[in-house]
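What follows is a single structure, written as structure tokens, with notes after it.
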Amino acid sequence: MPLTPSRESALSVRRTTADDPLARPLLDELAHEYTTRYGSAHDLSRYPAEEFAPPHGAFLLLLEQGRPVAGGAYRRYDDRTAELKRIWTHSAHRRRGLARRVLTVLEREAATRGYSRIYLTTGPRQPEARGLYLASGYRPLFDVSADPESIGPLPFEKFLENSKP
């Protein structure tokens, strides 16, 4: 019996730009999610697309059979720190570890570009994102026992392999 490729083997990474039409469905869904949870998607227009482009940034999509299923980006926060933004998994593809895979690729690329630290914030109404970052080795820069709504954006950091805090 011939072997059938798994869904995981059909995944590929596309390094692109935030204004790539292929990214539009994911960003539209992210905007809808932000609007539903927070009443606004203003954060998506806060930074120009160029901030997520080489040499100081990156924007990538995780594709399954040529279709975007997850994505993420980073931008320069300071000389040694990349700031993660736009980490997203399409609603039809959640609970498959795709966001963790996006994180891994972004971390690797940031380290290759000379960054030694990752910084990010997530919203207080995104418990799944908070859980992802905690499970992926990110250190919360807030009191995890406090009500997230009392904090506002939840900051995290992670020092990349072979770097020291």
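By order in the structure tokens, chains are A, B, ...; within a chain, residues start at 1; ligands start at 1, following the order shown.
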
Quick one: residues within 12 Å of Ala31 (chain A), only C-alpha atoms counted, chain neighbours fewer than 6 positions away excluded, as a ChimeraX atom specification?
/A:24-25,37-45,86,88,90

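Considering the residues A:Thr104, A:Thr122, A:Ser91, A:Ser145 and counting only C-alpha atoms, Leu27 (chain A) has its shortest atom-to-atom contact with A:Ser91.
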
Neighbouring residues of Phe159 (chain A) were defined as those with any atom within 9 Å, considering only C-alpha atoms; residues of the same chain fewer than 6 positions away were excluded. Please report them as a ChimeraX atom specification.
/A:116-119,138,165

Neighbour list for Ala110 (chain A) as a list in words, cut-off 10 Å, only C-alpha atoms, skip fewer than 6 positions in-chain
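Residues near the query, excluding close chain neighbours: His56, Gly57, Ala58, Tyr74, Arg75, Arg76, Arg80, Thr81, Ala82, Glu83, Leu84, Thr104, Ser116, Arg117, Ile118 and Leu160 of chain A.
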
Written file, previous selection with C-alpha atoms, as a short mmCIF file (atom, residue, chain, number, x, y, z; two decimals), in the first residue's frame:
```cif
data_model
loop_
_atom_site.label_atom_id
_atom_site.label_comp_id
_atom_site.auth_asym_id
_atom_site.auth_seq_id
_atom_site.Cartn_x
_atom_site.Cartn_y
_atom_site.Cartn_z
CA HIS A 56 14.94 44.43 10.16
CA GLY A 57 11.66 42.53 9.95
CA ALA A 58 9.89 39.59 8.41
CA TYR A 74 8.24 40.65 13.49
CA ARG A 75 9.63 44.16 13.38
CA ARG A 76 12.63 45.83 14.97
CA ARG A 80 18.80 43.53 19.92
CA THR A 81 15.04 42.93 20.14
CA ALA A 82 12.50 41.81 17.55
CA GLU A 83 8.83 42.44 18.32
CA LEU A 84 6.38 39.75 17.24
CA THR A 104 9.58 28.72 15.81
CA SER A 116 18.96 38.09 20.83
CA ARG A 117 15.55 38.82 22.36
CA ILE A 118 11.91 38.62 21.32
CA LEU A 160 16.86 33.47 21.92
#
```

Test item, strand (DSSP E) assignment across chain A, answer as a VMD selection string:
chain A and resid 11 to 16 58 to 64 67 to 78 81 to 89 117 to 122 139 to 140 154 to 159

Given only C-alpha atoms as the counted atoms, nearest of A:Tyr34, A:Asp79, A:Pro153, A:Gly71 to Tyr115 (chain A):
A:Asp79

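Near Leu141 (chain A), within 8 Å and counting only C-alpha atoms, sit A:Leu154, A:Pro155, A:Phe156, A:Glu157; same-chain residues fewer than 4 positions away were not included.
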
What separation in Å, quoted to one decimal, exists between CA of Val13 (chain A) and CA of Lys158 (chain A)?
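Interatomic distance, CA of Val13 (chain A) to CA of Lys158 (chain A): 22.5 Å.
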